[in-house]
>>> print(open('work.cif').read())   # mmCIF, C-alpha atoms
data_data
loop_
_atom_site.label_atom_id
_atom_site.label_comp_id
_atom_site.auth_asym_id
_atom_site.auth_seq_id
_atom_site.Cartn_x
_atom_site.Cartn_y
_atom_site.Cartn_z
CA MET A 1 -15.93 -30.78 -6.32
CA ALA A 2 -14.45 -28.09 -4.19
CA LEU A 3 -10.93 -26.93 -4.68
CA LEU A 4 -9.92 -25.65 -1.28
CA LYS A 5 -8.21 -22.35 -0.57
CA VAL A 6 -6.37 -22.33 2.75
CA LEU A 7 -6.51 -24.42 5.91
CA LEU A 8 -4.43 -22.42 8.34
CA LEU A 9 -4.89 -21.16 11.91
CA LEU A 10 -6.48 -17.67 12.31
CA GLY A 11 -9.79 -18.82 10.99
CA LEU A 12 -8.32 -21.64 9.17
CA GLY A 13 -9.30 -25.18 8.87
CA VAL A 14 -7.70 -28.36 10.03
CA SER A 15 -7.86 -31.90 8.74
CA VAL A 16 -9.85 -33.35 11.63
CA ASN A 17 -13.28 -34.91 11.61
CA SER A 18 -16.06 -32.30 11.52
CA ASP A 19 -19.37 -32.52 13.34
CA VAL A 20 -20.99 -30.52 10.52
CA SER A 21 -23.79 -32.31 8.70
CA LEU A 22 -22.49 -32.64 5.16
CA GLN A 23 -24.51 -32.03 2.04
CA LYS A 24 -23.40 -34.27 -0.80
CA ARG A 25 -23.23 -31.64 -3.48
CA ILE A 26 -20.70 -31.46 -6.32
CA ILE A 27 -19.41 -27.94 -6.76
CA GLY A 28 -17.43 -28.66 -9.92
CA GLY A 29 -14.24 -30.35 -11.02
CA HIS A 30 -12.91 -33.82 -11.73
CA GLY A 31 -10.02 -36.07 -10.81
CA CYS A 32 -6.81 -34.82 -12.39
CA ASP A 33 -5.35 -37.14 -14.99
CA ASP A 34 -2.63 -39.39 -13.55
CA THR A 35 -0.14 -38.10 -16.12
CA GLU A 36 -0.49 -34.41 -15.22
CA ARG A 37 0.55 -32.28 -12.25
CA LEU A 38 3.16 -34.72 -10.99
CA TYR A 39 4.90 -31.65 -9.53
CA HIS A 40 2.01 -30.94 -7.13
CA VAL A 41 3.12 -30.61 -3.50
CA ARG A 42 0.94 -30.88 -0.42
CA LEU A 43 2.02 -28.57 2.39
CA GLU A 44 1.03 -29.89 5.81
CA ILE A 45 1.16 -27.53 8.78
CA THR A 46 0.78 -29.25 12.14
CA ILE A 47 -1.12 -27.08 14.59
CA PHE A 48 -2.69 -27.75 17.96
CA LYS A 49 -5.98 -29.07 16.53
CA GLY A 50 -4.60 -31.15 13.68
CA THR A 51 -2.96 -30.66 10.32
CA ALA A 52 -3.75 -27.83 7.93
CA ILE A 53 -3.04 -28.17 4.20
CA CYS A 54 -2.11 -26.04 1.22
CA GLY A 55 -0.95 -26.73 -2.30
CA GLY A 56 2.34 -25.93 -3.97
CA SER A 57 4.44 -26.70 -7.05
CA LEU A 58 7.98 -28.05 -7.37
CA ILE A 59 9.58 -25.60 -9.84
CA HIS A 60 13.21 -26.53 -9.06
CA PRO A 61 14.67 -29.67 -7.42
CA GLN A 62 14.93 -27.75 -4.14
CA TRP A 63 12.25 -25.03 -4.42
CA ILE A 64 8.46 -24.92 -4.06
CA LEU A 65 6.26 -22.09 -5.33
CA THR A 66 3.16 -21.46 -3.20
CA ALA A 67 1.10 -18.77 -1.47
CA ALA A 68 2.58 -16.72 1.37
CA ASP A 69 -0.31 -17.55 3.72
CA CYS A 70 0.67 -21.22 3.54
CA TRP A 71 3.45 -20.75 6.09
CA LYS A 72 3.02 -20.52 9.84
CA SER A 73 6.44 -20.39 11.48
CA ASN A 74 5.20 -20.45 15.05
CA THR A 75 2.37 -22.98 14.91
CA GLY A 76 4.24 -26.26 14.62
CA THR A 77 5.84 -28.38 11.93
CA ASN A 78 5.82 -27.57 8.22
CA ILE A 79 6.04 -30.63 5.95
CA ALA A 80 6.23 -30.61 2.15
CA VAL A 81 4.92 -33.85 0.67
CA VAL A 82 5.88 -34.70 -2.90
CA LYS A 83 4.56 -37.59 -5.02
CA VAL A 84 1.00 -37.08 -3.77
CA HIS A 85 -0.34 -37.34 -7.33
CA PRO A 86 -1.04 -39.80 -8.71
CA ARG A 87 -1.73 -41.97 -5.67
CA THR A 88 0.11 -44.91 -7.20
CA GLY A 89 3.47 -44.13 -5.65
CA THR A 90 4.77 -43.52 -2.15
CA PRO A 91 4.47 -39.91 -0.96
CA GLN A 92 7.67 -38.42 0.44
CA GLY A 93 7.53 -35.90 3.27
CA HIS A 94 10.28 -33.31 3.73
CA ARG A 95 10.37 -31.18 6.86
CA VAL A 96 10.88 -27.56 5.86
CA THR A 97 13.10 -25.80 8.38
CA ASN A 98 14.44 -22.99 6.20
CA ASN A 99 12.70 -19.67 6.48
CA PRO A 100 10.49 -18.98 3.46
CA VAL A 101 11.44 -16.37 0.88
CA LEU A 102 8.61 -13.84 0.77
CA TYR A 103 8.07 -11.15 -1.83
CA THR A 104 7.73 -7.69 -0.34
CA ASP A 105 7.44 -4.27 -1.93
CA ASN A 106 7.96 -1.19 0.27
CA GLY A 107 7.36 -3.37 3.30
CA GLN A 108 4.11 -4.83 1.92
CA LYS A 109 4.01 -8.65 1.76
CA HIS A 110 2.48 -10.14 -1.39
CA ASP A 111 0.68 -13.50 -1.25
CA ILE A 112 3.41 -15.46 -3.01
CA MET A 113 6.25 -17.44 -1.47
CA LEU A 114 9.18 -19.73 -2.22
CA LEU A 115 10.07 -22.60 0.13
CA LYS A 116 13.48 -24.26 0.01
CA LEU A 117 13.64 -27.98 0.70
CA PRO A 118 16.47 -29.35 2.86
CA LYS A 119 17.73 -31.43 -0.07
CA PRO A 120 16.98 -31.66 -3.80
CA VAL A 121 14.18 -33.87 -5.11
CA THR A 122 15.50 -35.54 -8.23
CA ASP A 123 12.77 -38.04 -9.13
CA VAL A 124 9.79 -35.70 -9.60
CA PRO A 125 9.09 -33.76 -12.83
CA LEU A 126 9.33 -30.01 -12.37
CA ALA A 127 6.52 -27.56 -13.07
CA PRO A 128 7.30 -25.49 -16.18
CA LEU A 129 7.46 -21.74 -15.65
CA PRO A 130 5.46 -19.55 -18.04
CA ASP A 131 6.21 -17.75 -21.29
CA CYS A 132 5.39 -14.25 -20.10
CA SER A 133 5.32 -12.87 -23.64
CA ASN A 134 1.99 -14.73 -23.99
CA ARG A 135 0.07 -14.11 -20.78
CA PRO A 136 -3.52 -15.18 -19.99
CA LYS A 137 -6.21 -13.03 -21.57
CA VAL A 138 -9.86 -12.59 -20.67
CA GLY A 139 -11.67 -15.65 -22.02
CA ASP A 140 -8.69 -18.02 -21.81
CA ILE A 141 -9.38 -21.31 -20.01
CA VAL A 142 -7.04 -22.06 -17.11
CA GLN A 143 -6.89 -25.17 -14.94
CA LEU A 144 -6.81 -25.06 -11.13
CA ALA A 145 -6.09 -27.99 -8.82
CA GLY A 146 -6.21 -28.92 -5.15
CA GLU A 147 -6.94 -31.64 -2.61
CA GLY A 148 -9.80 -30.08 -0.69
CA ALA A 149 -13.21 -31.41 0.25
CA MET A 150 -15.87 -32.28 -2.29
CA THR A 151 -18.87 -31.33 -0.15
CA THR A 152 -20.41 -28.25 1.44
CA GLY A 153 -21.75 -27.81 4.95
CA THR A 154 -24.99 -26.56 6.47
CA LYS A 155 -26.62 -23.66 4.64
CA ASN A 156 -24.26 -24.38 1.73
CA ARG A 157 -21.23 -22.91 3.50
CA GLN A 158 -17.74 -23.98 2.53
CA LEU A 159 -16.25 -26.39 5.03
CA ARG A 160 -13.06 -25.60 6.91
CA ALA A 161 -12.63 -28.89 8.80
CA VAL A 162 -12.19 -31.54 6.14
CA LEU A 163 -10.19 -34.58 5.17
CA VAL A 164 -7.83 -34.47 2.23
CA ALA A 165 -9.53 -35.44 -1.03
CA LYS A 166 -8.83 -38.99 -2.14
CA HIS A 167 -7.68 -37.78 -5.57
CA LEU A 168 -6.17 -34.49 -6.68
CA GLN A 169 -9.02 -32.45 -8.17
CA CYS A 170 -8.76 -30.32 -11.33
CA VAL A 171 -11.22 -27.72 -12.58
CA ASP A 172 -11.28 -25.52 -15.69
CA MET A 173 -12.19 -21.86 -15.32
CA LYS A 174 -12.34 -18.86 -17.63
CA VAL A 175 -10.12 -15.83 -17.04
CA VAL A 176 -12.47 -12.94 -16.23
CA GLU A 177 -9.97 -10.30 -15.16
CA VAL A 178 -6.34 -9.78 -16.22
CA SER A 179 -3.50 -8.70 -13.99
CA GLN A 180 -4.15 -5.87 -11.56
CA PHE A 181 -2.62 -4.76 -8.28
CA ARG A 182 -4.51 -5.41 -5.06
CA PRO A 183 -2.92 -3.80 -1.99
CA SER A 184 -3.93 -6.73 0.23
CA ASP A 185 -2.43 -9.45 -2.01
CA GLY A 186 -0.22 -8.09 -4.79
CA HIS A 187 -0.52 -8.66 -8.53
CA THR A 188 -3.50 -10.89 -9.29
CA PHE A 189 -5.83 -12.02 -12.04
CA SER A 190 -9.18 -13.75 -11.63
CA ALA A 191 -11.01 -16.75 -13.06
CA ALA A 192 -14.56 -18.04 -12.74
CA GLU A 193 -16.97 -20.58 -14.17
CA PRO A 194 -20.59 -21.35 -13.26
CA ASN A 195 -20.99 -23.94 -10.50
CA THR A 196 -17.25 -24.27 -9.88
CA ASP A 197 -15.05 -22.77 -7.21
CA ALA A 198 -11.78 -22.88 -5.30
CA CYS A 199 -12.29 -23.09 -1.56
CA TYR A 200 -10.44 -23.40 1.75
CA GLY A 201 -7.31 -25.56 1.55
CA ASP A 202 -6.28 -25.03 -2.08
CA ALA A 203 -4.21 -21.89 -1.60
CA GLY A 204 -0.82 -22.22 -3.23
CA GLY A 205 -1.93 -24.64 -5.94
CA ALA A 206 -0.88 -23.99 -9.53
CA VAL A 207 -3.09 -22.29 -12.11
CA VAL A 208 -2.05 -23.70 -15.48
CA LEU A 209 -2.41 -22.57 -19.09
CA ASN A 210 -0.90 -24.58 -21.96
CA GLY A 211 0.89 -26.84 -19.51
CA THR A 212 2.77 -24.09 -17.66
CA ILE A 213 2.18 -22.25 -14.38
CA TYR A 214 0.80 -18.75 -14.83
CA GLY A 215 -0.76 -18.39 -11.41
CA VAL A 216 -0.93 -19.44 -7.76
CA ILE A 217 -4.31 -19.76 -6.02
CA SER A 218 -4.56 -17.02 -3.43
CA VAL A 219 -6.50 -16.49 -0.21
CA GLY A 220 -9.91 -14.83 -0.09
CA GLY A 221 -13.27 -15.36 -1.72
CA SER A 222 -16.67 -16.05 -0.24
CA HIS A 223 -17.71 -18.30 2.64
CA PHE A 224 -20.26 -19.69 0.16
CA PRO A 225 -19.18 -21.51 -3.02
CA CYS A 226 -19.51 -20.08 -6.51
CA LYS A 227 -20.14 -16.50 -5.36
CA LYS A 228 -16.94 -14.72 -6.41
CA PRO A 229 -14.18 -15.24 -9.00
CA VAL A 230 -11.07 -16.99 -7.72
CA SER A 231 -8.18 -14.64 -6.96
CA ILE A 232 -4.91 -15.83 -8.52
CA MET A 233 -1.39 -14.49 -7.99
CA ASP A 234 0.07 -13.49 -11.37
CA VAL A 235 3.33 -15.44 -11.65
CA CYS A 236 4.59 -13.34 -14.58
CA GLU A 237 4.70 -10.28 -12.34
CA TYR A 238 7.14 -12.16 -10.10
CA ILE A 239 9.07 -14.21 -12.64
CA GLY A 240 12.34 -12.28 -12.27
CA TRP A 241 12.27 -12.68 -8.49
CA ILE A 242 11.46 -16.39 -8.84
CA LYS A 243 14.32 -17.08 -11.25
CA THR A 244 16.84 -15.00 -9.34
CA THR A 245 15.97 -16.67 -6.05
CA THR A 246 15.85 -20.27 -7.23
CA GLY A 247 18.00 -20.43 -10.33
CA ALA A 248 15.06 -21.97 -12.18
CA LYS A 249 14.93 -21.48 -15.95
#
>>> encode(input="work.cif", output="structure tokens")
Amino acid sequence: MALLKVLLLLGLGVSVNSDVSLQKRIIGGHGCDDTERLYHVRLEITIFKGTAICGGSLIHPQWILTAADCWKSNTGTNIAVVKVHPRTGTPQGHRVTNNPVLYTDNGQKHDIMLLKLPKPVTDVPLAPLPDCSNRPKVGDIVQLAGEGAMTTGTKNRQLRAVLVAKHLQCVDMKVVEVSQFRPSDGHTFSAAEPNTDACYGDAGGAVVLNGTIYGVISVGGSHFPCKKPVSIMDVCEYIGWIKTTTGAK
């Protein structure tokens, strides 16, 4: 099942019906357990063709950790929806009107962002931040999650125009590259596994090891599934900024 990277304008997808002939092909993954990832947030960006989605994580009652490319200030309305997993409760949408807090270094924007909600959310478990004295190593198994499509399109291309998955999808991948600096994104590590992938729409979702967030799914990758490792923002490289900004512990 595909975990989707980013559905945003500028070559981005929208959650409208597609006229693409779908191929029913599982790319990898499974429904997340109903007891895990209760902190998952769906970011919905209303644009002229429909609604784009990203993932995010509630790390503080009033703060969401996500990818920087999941914000479009001039394209419409930005809504953060909590309680989207499991689908047994009632999702709550919060319109985000505050400007996002972006991480920049010497004027260069990194693909990581903090969004402040208009009021605290007190009835959702928070995502635990990592122990950065024990960071992911090559060979460690991390879990990614998102709500993207579970099919591919013609010629096995990843779909951009999709409906939100009916159940939050989780997938296990092996760390294949530890933290390095990429000028286009910032500090990243990578994960991969045969016949699995993270695709359009899942940007911003948490990458978890031992129950805590060590990464944020970033933008990039191939137009075709399972061709490149997934690029992941390394949360430990930004942990001081995250805690200072949000007051999270």
>>> resolve_selection(input="work.cif", expression="the PyMOL selection byres ((chain A and resi 204-210) around 8)", output="MDAnalysis selection string")
chainID A and resid 5 40 54:57 65:68 70 112 136 141:146 202:203 211:218 232
>>> resolve_selection(input="work.cif", expression="the PyMOL selection byres ((chain A and resi 163-178) around 6)", output="VMD selection string")
chain A and resid 15 29 to 32 138 to 149 162 179 189 to 193
>>> resolve_selection(input="work.cif", expression="the PyMOL selection byres ((chain A and resi 45) around 6)", output="VMD selection string")
chain A and resid 44 46 51 to 52 77 to 78
>>> atom_distance(input="work.cif", atom1="CA of His85 in chain A", atom2="CA of Glu36 in chain A")
8.4 Å
>>> atom_distance(input="work.cif", atom1="CA of Asp33 in chain A", atom2="CA of Arg87 in chain A")
11.1 Å
>>> atom_distance(input="work.cif", atom1="CA of Met113 in chain A", atom2="CA of Pro86 in chain A")
24.6 Å
